[in-house]
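Pasting target.pdb here (PDB, C-alpha atoms):
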```pdb
MODEL        1
ATOM      1  CA  MET A   1      82.349  26.940 -20.444  1.00  0.00           C
ATOM      2  CA  GLU A   2      84.015  27.773 -23.707  1.00  0.00           C
ATOM      3  CA  ASP A   3      85.473  31.250 -23.610  1.00  0.00           C
ATOM      4  CA  ARG A   4      84.894  32.188 -27.233  1.00  0.00           C
ATOM      5  CA  TRP A   5      82.466  34.260 -29.258  1.00  0.00           C
ATOM      6  CA  LEU A   6      79.553  32.506 -30.915  1.00  0.00           C
ATOM      7  CA  SER A   7      78.060  33.622 -34.219  1.00  0.00           C
ATOM      8  CA  ILE A   8      74.344  34.163 -34.829  1.00  0.00           C
ATOM      9  CA  THR A   9      74.135  30.768 -36.527  1.00  0.00           C
ATOM     10  CA  GLU A  10      75.849  28.990 -33.629  1.00  0.00           C
ATOM     11  CA  ILE A  11      73.689  30.644 -30.972  1.00  0.00           C
ATOM     12  CA  CYS A  12      70.496  29.773 -32.910  1.00  0.00           C
ATOM     13  CA  THR A  13      71.581  26.146 -33.097  1.00  0.00           C
ATOM     14  CA  TYR A  14      72.493  26.135 -29.411  1.00  0.00           C
ATOM     15  CA  LEU A  15      69.139  27.642 -28.315  1.00  0.00           C
ATOM     16  CA  GLY A  16      67.060  25.783 -30.900  1.00  0.00           C
ATOM     17  CA  VAL A  17      65.377  28.908 -32.296  1.00  0.00           C
ATOM     18  CA  SER A  18      65.398  30.850 -35.562  1.00  0.00           C
ATOM     19  CA  ASN A  19      67.475  33.902 -36.473  1.00  0.00           C
ATOM     20  CA  ASP A  20      64.395  36.151 -36.332  1.00  0.00           C
ATOM     21  CA  THR A  21      63.653  34.968 -32.779  1.00  0.00           C
ATOM     22  CA  VAL A  22      67.178  35.794 -31.625  1.00  0.00           C
ATOM     23  CA  TYR A  23      66.957  39.268 -33.191  1.00  0.00           C
ATOM     24  CA  LYS A  24      63.622  39.871 -31.452  1.00  0.00           C
ATOM     25  CA  TRP A  25      65.103  38.761 -28.127  1.00  0.00           C
ATOM     26  CA  ILE A  26      68.002  41.166 -28.599  1.00  0.00           C
ATOM     27  CA  ASP A  27      65.669  44.052 -29.432  1.00  0.00           C
ATOM     28  CA  LYS A  28      62.797  43.439 -26.981  1.00  0.00           C
ATOM     29  CA  ARG A  29      64.107  41.194 -24.208  1.00  0.00           C
ATOM     30  CA  GLY A  30      67.654  42.378 -23.794  1.00  0.00           C
ATOM     31  CA  LEU A  31      69.379  39.159 -24.856  1.00  0.00           C
ATOM     32  CA  PRO A  32      73.115  39.653 -24.094  1.00  0.00           C
ATOM     33  CA  ALA A  33      74.767  40.319 -27.467  1.00  0.00           C
ATOM     34  CA  HIS A  34      77.750  42.291 -28.723  1.00  0.00           C
ATOM     35  CA  ARG A  35      77.938  44.151 -32.049  1.00  0.00           C
ATOM     36  CA  MET A  36      81.258  43.662 -33.863  1.00  0.00           C
ATOM     37  CA  GLY A  37      81.114  45.598 -37.084  1.00  0.00           C
ATOM     38  CA  ARG A  38      78.104  44.281 -38.991  1.00  0.00           C
ATOM     39  CA  LEU A  39      77.891  41.028 -37.015  1.00  0.00           C
ATOM     40  CA  TRP A  40      76.383  40.035 -33.696  1.00  0.00           C
ATOM     41  CA  LYS A  41      78.507  37.932 -31.357  1.00  0.00           C
ATOM     42  CA  PHE A  42      77.513  36.093 -28.208  1.00  0.00           C
ATOM     43  CA  LYS A  43      79.168  34.705 -25.097  1.00  0.00           C
ATOM     44  CA  LYS A  44      77.743  31.326 -24.100  1.00  0.00           C
ATOM     45  CA  ASP A  45      78.279  31.944 -20.379  1.00  0.00           C
ATOM     46  CA  GLU A  46      76.116  35.090 -20.650  1.00  0.00           C
ATOM     47  CA  ILE A  47      73.216  33.153 -22.182  1.00  0.00           C
ATOM     48  CA  ASP A  48      73.476  29.670 -20.678  1.00  0.00           C
ATOM     49  CA  ALA A  49      72.208  29.708 -17.059  1.00  0.00           C
ATOM     50  CA  THR A  50      72.317  25.952 -16.488  1.00  0.00           C
ATOM     51  CA  GLU A  51      75.263  26.371 -14.167  1.00  0.00           C
ATOM     52  CA  TRP A  52      73.528  29.004 -12.068  1.00  0.00           C
ATOM     53  CA  PHE A  53      72.436  27.026  -9.030  1.00  0.00           C
ATOM     54  CA  LEU A  54      73.206  26.241  -5.426  1.00  0.00           C
ATOM     55  CA  PRO A  55      73.088  22.704  -4.032  1.00  0.00           C
ATOM     56  CA  LEU A  56      70.043  21.909  -1.876  1.00  0.00           C
ATOM     57  CA  ARG A  57      70.597  21.743   1.847  1.00  0.00           C
ATOM     58  CA  ARG A  58      68.562  18.568   2.009  1.00  0.00           C
ATOM     59  CA  ASN A  59      68.902  15.589  -0.269  1.00  0.00           C
ATOM     60  CA  LEU A  60      65.643  14.843  -2.115  1.00  0.00           C
ATOM     61  CA  GLY A  61      66.644  11.307  -3.063  1.00  0.00           C
ATOM     62  CA  LYS A  62      67.869   9.690  -6.224  1.00  0.00           C
ATOM     63  CA  LYS A  63      66.122  10.968  -9.315  1.00  0.00           C
ATOM     64  CA  ASN A  64      67.928   8.793 -11.854  1.00  0.00           C
ATOM     65  CA  CYS A  65      66.893   5.361 -10.562  1.00  0.00           C
ATOM     66  CA  GLU A  66      64.373   2.880 -11.961  1.00  0.00           C
ATOM     67  CA  PHE A  67      63.109  -0.608 -11.151  1.00  0.00           C
ATOM     68  CA  SER A  68      64.506  -3.478 -13.163  1.00  0.00           C
ATOM     69  CA  GLU A  69      62.353  -6.442 -14.179  1.00  0.00           C
ATOM     70  CA  GLU A  70      63.890  -8.424 -11.323  1.00  0.00           C
ATOM     71  CA  HIS A  71      62.964  -5.741  -8.789  1.00  0.00           C
ATOM     72  CA  ILE A  72      59.377  -5.538 -10.086  1.00  0.00           C
ATOM     73  CA  ARG A  73      59.021  -9.334  -9.914  1.00  0.00           C
ATOM     74  CA  ALA A  74      60.358  -9.412  -6.350  1.00  0.00           C
ATOM     75  CA  ILE A  75      57.927  -6.680  -5.235  1.00  0.00           C
ATOM     76  CA  CYS A  76      54.964  -8.446  -6.859  1.00  0.00           C
ATOM     77  CA  ASP A  77      55.931 -11.726  -5.188  1.00  0.00           C
ATOM     78  CA  LEU A  78      55.972 -10.020  -1.789  1.00  0.00           C
ATOM     79  CA  VAL A  79      52.519  -8.543  -2.419  1.00  0.00           C
ATOM     80  CA  VAL A  80      51.041 -11.916  -3.389  1.00  0.00           C
ATOM     81  CA  ASN A  81      52.962 -13.918  -0.776  1.00  0.00           C
ATOM     82  CA  PRO A  82      53.814 -11.483   2.033  1.00  0.00           C
ATOM     83  CA  VAL A  83      56.893 -12.466   4.038  1.00  0.00           C
ATOM     84  CA  GLU A  84      58.644 -10.466   6.749  1.00  0.00           C
ATOM     85  CA  THR A  85      62.188  -9.647   5.589  1.00  0.00           C
ATOM     86  CA  ASP A  86      64.719  -6.894   6.146  1.00  0.00           C
ATOM     87  CA  LYS A  87      63.083  -5.006   3.240  1.00  0.00           C
ATOM     88  CA  SER A  88      59.467  -6.078   3.801  1.00  0.00           C
ATOM     89  CA  LYS A  89      57.460  -5.394   6.956  1.00  0.00           C
ATOM     90  CA  ILE A  90      53.972  -6.734   7.777  1.00  0.00           C
ATOM     91  CA  PHE A  91      51.751  -4.500   9.905  1.00  0.00           C
ATOM     92  CA  PRO A  92      48.567  -5.565  11.734  1.00  0.00           C
ATOM     93  CA  ASN A  93      45.192  -4.510  10.347  1.00  0.00           C
ATOM     94  CA  GLU A  94      44.691  -2.196  13.316  1.00  0.00           C
ATOM     95  CA  ALA A  95      47.505   0.001  12.003  1.00  0.00           C
ATOM     96  CA  PHE A  96      45.363   0.922   8.965  1.00  0.00           C
ATOM     97  CA  GLY A  97      41.900   1.001  10.560  1.00  0.00           C
ATOM     98  CA  TYR A  98      39.558   3.961  10.731  1.00  0.00           C
ATOM     99  CA  TRP A  99      39.027   5.464  14.148  1.00  0.00           C
ATOM    100  CA  LYS A 100      36.122   7.647  12.994  1.00  0.00           C
ATOM    101  CA  VAL A 101      33.025   6.108  11.445  1.00  0.00           C
ATOM    102  CA  THR A 102      30.147   8.034   9.884  1.00  0.00           C
ATOM    103  CA  VAL A 103      26.769   6.323  10.279  1.00  0.00           C
ATOM    104  CA  ASP A 104      24.019   7.319   7.842  1.00  0.00           C
ATOM    105  CA  ARG A 105      20.568   7.187   9.355  1.00  0.00           C
ATOM    106  CA  PRO A 106      17.219   7.675   7.590  1.00  0.00           C
ATOM    107  CA  LEU A 107      15.499  11.024   7.900  1.00  0.00           C
ATOM    108  CA  ARG A 108      12.658  10.938  10.433  1.00  0.00           C
ATOM    109  CA  LEU A 109      10.180  13.825  10.455  1.00  0.00           C
ATOM    110  CA  ALA A 110       7.214  14.689  12.648  1.00  0.00           C
ATOM    111  CA  VAL A 111       4.500  16.995  11.259  1.00  0.00           C
ATOM    112  CA  ASP A 112       3.235  19.823  13.454  1.00  0.00           C
ATOM    113  CA  LEU A 113      -0.203  21.257  12.502  1.00  0.00           C
ATOM    114  CA  SER A 114      -0.754  23.268  15.647  1.00  0.00           C
ATOM    115  CA  PRO A 115      -2.419  26.728  15.310  1.00  0.00           C
ATOM    116  CA  ALA A 116       0.840  28.565  16.105  1.00  0.00           C
ATOM    117  CA  ARG A 117       2.731  26.563  13.486  1.00  0.00           C
ATOM    118  CA  LEU A 118       0.013  27.136  10.874  1.00  0.00           C
ATOM    119  CA  GLU A 119       0.092  30.901  11.476  1.00  0.00           C
ATOM    120  CA  ARG A 120       3.841  30.975  10.968  1.00  0.00           C
ATOM    121  CA  PHE A 121       3.440  28.816   7.866  1.00  0.00           C
ATOM    122  CA  GLU A 122       0.878  31.247   6.459  1.00  0.00           C
ATOM    123  CA  ARG A 123       3.241  34.209   6.928  1.00  0.00           C
ATOM    124  CA  THR A 124       6.058  32.337   5.181  1.00  0.00           C
ATOM    125  CA  CYS A 125       3.839  31.344   2.239  1.00  0.00           C
ATOM    126  CA  ALA A 126       2.747  34.959   1.807  1.00  0.00           C
ATOM    127  CA  LYS A 127       6.376  35.844   1.133  1.00  0.00           C
ATOM    128  CA  VAL A 128       7.609  32.947  -1.005  1.00  0.00           C
ATOM    129  CA  ASP A 129       4.558  31.294  -2.590  1.00  0.00           C
ATOM    130  CA  VAL A 130       2.121  33.727  -4.169  1.00  0.00           C
ATOM    131  CA  GLY A 131      -0.532  32.097  -6.365  1.00  0.00           C
ATOM    132  CA  ALA A 132      -2.331  33.431  -9.445  1.00  0.00           C
ATOM    133  CA  ASN A 133      -4.863  35.273  -7.280  1.00  0.00           C
ATOM    134  CA  GLY A 134      -2.140  36.819  -5.115  1.00  0.00           C
ATOM    135  CA  ARG A 135      -2.525  34.261  -2.331  1.00  0.00           C
ATOM    136  CA  SER A 136      -0.874  30.922  -1.681  1.00  0.00           C
ATOM    137  CA  PRO A 137      -3.149  27.854  -1.567  1.00  0.00           C
ATOM    138  CA  LEU A 138      -0.839  26.022   0.839  1.00  0.00           C
ATOM    139  CA  PRO A 139      -2.106  27.569   4.121  1.00  0.00           C
ATOM    140  CA  TYR A 140      -5.685  26.547   3.219  1.00  0.00           C
ATOM    141  CA  LEU A 141      -4.467  23.023   2.402  1.00  0.00           C
ATOM    142  CA  ALA A 142      -2.608  22.812   5.721  1.00  0.00           C
ATOM    143  CA  ARG A 143      -5.648  24.017   7.713  1.00  0.00           C
ATOM    144  CA  ARG A 144      -7.917  21.490   6.002  1.00  0.00           C
ATOM    145  CA  LEU A 145      -5.462  18.708   6.900  1.00  0.00           C
ATOM    146  CA  ALA A 146      -5.297  19.999  10.489  1.00  0.00           C
ATOM    147  CA  ASP A 147      -9.084  19.714  10.699  1.00  0.00           C
ATOM    148  CA  THR A 148      -8.957  16.197   9.256  1.00  0.00           C
ATOM    149  CA  LEU A 149      -5.836  14.757  10.904  1.00  0.00           C
ATOM    150  CA  GLY A 150      -5.601  16.871  14.036  1.00  0.00           C
ATOM    151  CA  ALA A 151      -2.881  19.175  15.339  1.00  0.00           C
ATOM    152  CA  GLY A 152      -0.365  16.397  15.822  1.00  0.00           C
ATOM    153  CA  PRO A 153       2.508  15.927  16.032  1.00  0.00           C
ATOM    154  CA  HIS A 154       2.077  13.271  13.335  1.00  0.00           C
ATOM    155  CA  LEU A 155       4.952  10.801  13.278  1.00  0.00           C
ATOM    156  CA  ASP A 156       4.573   9.560   9.704  1.00  0.00           C
ATOM    157  CA  PHE A 157       5.619  12.147   7.139  1.00  0.00           C
ATOM    158  CA  ASN A 158       4.811   9.776   4.271  1.00  0.00           C
ATOM    159  CA  THR A 159       1.158   9.517   5.354  1.00  0.00           C
ATOM    160  CA  PHE A 160       1.017  13.300   5.682  1.00  0.00           C
ATOM    161  CA  MET A 161       2.290  13.778   2.129  1.00  0.00           C
ATOM    162  CA  ASP A 162      -0.215  11.237   0.804  1.00  0.00           C
ATOM    163  CA  ALA A 163      -2.947  13.274   2.477  1.00  0.00           C
ATOM    164  CA  CYS A 164      -1.501  16.451   0.920  1.00  0.00           C
ATOM    165  CA  ASP A 165      -1.596  14.896  -2.550  1.00  0.00           C
ATOM    166  CA  ALA A 166      -5.199  13.735  -2.065  1.00  0.00           C
ATOM    167  CA  ASP A 167      -6.336  17.157  -0.820  1.00  0.00           C
ATOM    168  CA  ALA A 168      -4.471  18.944  -3.619  1.00  0.00           C
ATOM    169  CA  ASP A 169      -6.150  16.770  -6.257  1.00  0.00           C
ATOM    170  CA  LYS A 170      -9.549  17.372  -4.700  1.00  0.00           C
ATOM    171  CA  HIS A 171      -9.191  21.169  -4.580  1.00  0.00           C
ATOM    172  CA  GLY A 172      -7.171  21.684  -7.764  1.00  0.00           C
ATOM    173  CA  VAL A 173      -3.937  22.704  -6.063  1.00  0.00           C
ATOM    174  CA  LYS A 174      -0.729  22.088  -7.955  1.00  0.00           C
ATOM    175  CA  LEU A 175       1.862  20.615  -5.572  1.00  0.00           C
ATOM    176  CA  THR A 176       5.169  21.462  -7.204  1.00  0.00           C
ATOM    177  CA  ALA A 177       8.494  20.253  -5.870  1.00  0.00           C
ATOM    178  CA  LYS A 178       9.050  23.718  -4.393  1.00  0.00           C
ATOM    179  CA  ARG A 179       5.723  23.608  -2.526  1.00  0.00           C
ATOM    180  CA  LYS A 180       6.401  20.111  -1.201  1.00  0.00           C
ATOM    181  CA  LYS A 181       9.767  21.335   0.047  1.00  0.00           C
ATOM    182  CA  LEU A 182       8.025  24.266   1.721  1.00  0.00           C
ATOM    183  CA  LEU A 183       5.590  21.938   3.514  1.00  0.00           C
ATOM    184  CA  GLN A 184       8.498  19.831   4.741  1.00  0.00           C
ATOM    185  CA  SER A 185      10.722  22.684   5.888  1.00  0.00           C
ATOM    186  CA  GLU A 186       8.027  24.779   7.599  1.00  0.00           C
ATOM    187  CA  LEU A 187       5.730  22.170   9.149  1.00  0.00           C
ATOM    188  CA  CYS A 188       8.147  19.389  10.098  1.00  0.00           C
ATOM    189  CA  ASP A 189      10.821  18.751  12.714  1.00  0.00           C
ATOM    190  CA  THR A 190      13.220  15.847  13.068  1.00  0.00           C
ATOM    191  CA  ARG A 191      12.063  13.319  15.628  1.00  0.00           C
ATOM    192  CA  GLU A 192      13.842  10.117  16.664  1.00  0.00           C
ATOM    193  CA  ASN A 193      10.631   8.145  17.119  1.00  0.00           C
ATOM    194  CA  ALA A 194       9.080   9.208  13.795  1.00  0.00           C
ATOM    195  CA  ALA A 195       8.800   6.868  10.820  1.00  0.00           C
ATOM    196  CA  PRO A 196      11.589   7.043   8.190  1.00  0.00           C
ATOM    197  CA  VAL A 197      10.892   9.370   5.283  1.00  0.00           C
ATOM    198  CA  LEU A 198      10.535   7.505   2.001  1.00  0.00           C
ATOM    199  CA  LYS A 199      12.073   9.511  -0.811  1.00  0.00           C
ATOM    200  CA  LYS A 200      10.516   7.390  -3.522  1.00  0.00           C
ATOM    201  CA  VAL A 201       8.972   3.938  -3.866  1.00  0.00           C
ATOM    202  CA  HIS A 202      10.118   2.247  -7.071  1.00  0.00           C
ATOM    203  CA  LYS A 203       8.338  -0.517  -8.890  1.00  0.00           C
ATOM    204  CA  PRO A 204      10.026  -3.931  -8.545  1.00  0.00           C
ATOM    205  CA  GLY A 205      12.890  -4.320 -10.988  1.00  0.00           C
ATOM    206  CA  LYS A 206      12.996  -0.624 -11.936  1.00  0.00           C
ATOM    207  CA  ALA A 207      15.754   0.448  -9.540  1.00  0.00           C
ATOM    208  CA  THR A 208      18.149  -0.865  -6.929  1.00  0.00           C
ATOM    209  CA  PRO A 209      16.719  -0.510  -3.400  1.00  0.00           C
ATOM    210  CA  ASP A 210      18.664   1.807  -1.095  1.00  0.00           C
ATOM    211  CA  PRO A 211      16.774   1.971   2.231  1.00  0.00           C
ATOM    212  CA  ILE A 212      19.441   4.105   3.916  1.00  0.00           C
ATOM    213  CA  HIS A 213      18.708   6.930   1.454  1.00  0.00           C
ATOM    214  CA  GLY A 214      14.939   6.384   1.310  1.00  0.00           C
ATOM    215  CA  LEU A 215      14.785   4.382  -1.926  1.00  0.00           C
ATOM    216  CA  LEU A 216      12.461   1.412  -1.427  1.00  0.00           C
TER     217      LEU A 216
ENDMDL
END
```
Take the structure in the file and write it out as structure tokens.
Amino acid sequence: MEDRWLSITEICTYLGVSNDTVYKWIDKRGLPAHRMGRLWKFKKDEIDATEWFLPLRRNLGKKNCEFSEEHIRAICDLVVNPVETDKSKIFPNEAFGYWKVTVDRPLRLAVDLSPARLERFERTCAKVDVGANGRSPLPYLARRLADTLGAGPHLDFNTFMDACDADADKHGVKLTAKRKKLLQSELCDTRENAAPVLKKVHKPGKATPDPIHGLL
């Protein structure tokens, strides 16, 4: 470091800031400065902290290296035409395989319309689905379906929902998405031997089929 005093102009040039900024730093941030008569003087070693460091205990590699065109070409050639060399190793596919596999299976629901289940369903509807007259129409719908279809368990949720739609149309019940979700969550259980639940049946050519996720 140079052991000489720098003027305000020299320190501004060195730091890349304006005179006003340096004066503000002196006043508000305690920038090291020395008053000599009417002038401010500065010591570079008091301001420049680039030499304040300790070497790392562990080398982090070379930071000033880059690939030349020849290196890039050689790497690309090895990718296209893999060859085992002292700088290129070929590993078997098993070294990169997945040992854990997630299998998506369709949702299968069985519908329970037993008296005990209907009573519990009625209590739930009284809390979360109050109609215009202060009562939910869903328990009445479920009891009508129980009389028609039987207590179950019914292993085809899609047929059950078709019956719900038909009964709702007949009795003027509005089956919103929330009410359909309530029927599913309160009256159904997962069952391995039940039919897959169809989320939506699209017209041919309108969407891409995705049977795993119920799109047919």
Query raised in the report: Given the file above and the PyMOL selection byres ((chain A and resi 41-46) around 6), which residues are selected, and can you give them as a VMD selection string?
Result: chain A and resid 5 to 7 33 to 34 40 47 to 48
Work out where the centre of an axis-aligned box around every listed atom of stretch 138-147 of chain A lies and how long its edges are once 5 Å is added on each side; give both in Å to one decimal as lines of an AutoDock Vina configuration file.
```
center_x = -5.0
center_y = 23.1
center_z = 5.8
size_x = 18.2
size_y = 18.9
size_z = 19.9
```
Pull out every residue that the PyMOL selection byres ((chain A and resi 174-184) around 10) matches in the shown coordinates and put them as a PyMOL selection string.
-> chain A and resi 109-111+121+124-125+128-129+136-139+142+157+160-161+164-165+168-169+171-173+185-189
Margin query: Would you pick out the contacts of stretch 19-22 of chain A at 8 Å or less, using only C-alpha atoms, so that residues sharing its chain but fewer than 2 positions from it are not included, and give the list as number ranges by chain?
Written below: A: 8-9, 12, 17, 24-26, 31
File dump, residues just selected, C-alpha atoms, as a PDB file, in the coordinates of the input:
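Listed below is the output, selection.pdb:
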```
ATOM      1  CA  ILE A   8      74.344  34.163 -34.829  1.00  0.00           C
ATOM      2  CA  THR A   9      74.135  30.768 -36.527  1.00  0.00           C
ATOM      3  CA  CYS A  12      70.496  29.773 -32.910  1.00  0.00           C
ATOM      4  CA  VAL A  17      65.377  28.908 -32.296  1.00  0.00           C
ATOM      5  CA  LYS A  24      63.622  39.871 -31.452  1.00  0.00           C
ATOM      6  CA  TRP A  25      65.103  38.761 -28.127  1.00  0.00           C
ATOM      7  CA  ILE A  26      68.002  41.166 -28.599  1.00  0.00           C
ATOM      8  CA  LEU A  31      69.379  39.159 -24.856  1.00  0.00           C
TER       9      LEU A  31
END
```
Expand the PyMOL selection byres ((chain A and resi 191) around 6) into the explicit residue set it covers here, and present it as a PDB file with C-alpha atoms, keeping the file's coordinate frame.
```pdb
ATOM      1  CA  ARG A 108      12.658  10.938  10.433  1.00  0.00           C
ATOM      2  CA  LEU A 109      10.180  13.825  10.455  1.00  0.00           C
ATOM      3  CA  ALA A 110       7.214  14.689  12.648  1.00  0.00           C
ATOM      4  CA  THR A 190      13.220  15.847  13.068  1.00  0.00           C
ATOM      5  CA  GLU A 192      13.842  10.117  16.664  1.00  0.00           C
ATOM      6  CA  ASN A 193      10.631   8.145  17.119  1.00  0.00           C
ATOM      7  CA  ALA A 194       9.080   9.208  13.795  1.00  0.00           C
TER       8      ALA A 194
END
```
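Straight-line separation from atom CA of A:Tyr14 to atom CA of A:Lys28: 20.0 Å.
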In Å and to one decimal, atom CA of A:Pro82 is distant from atom CA of A:Cys65 by 24.8 Å
Report task. Record the distance separating atom CA of A:Ile11 and atom CA of A:Gly37, expressed in Å with one decimal. Result ->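 Separation of atom CA of A:Ile11 and atom CA of A:Gly37: 17.8 Å.
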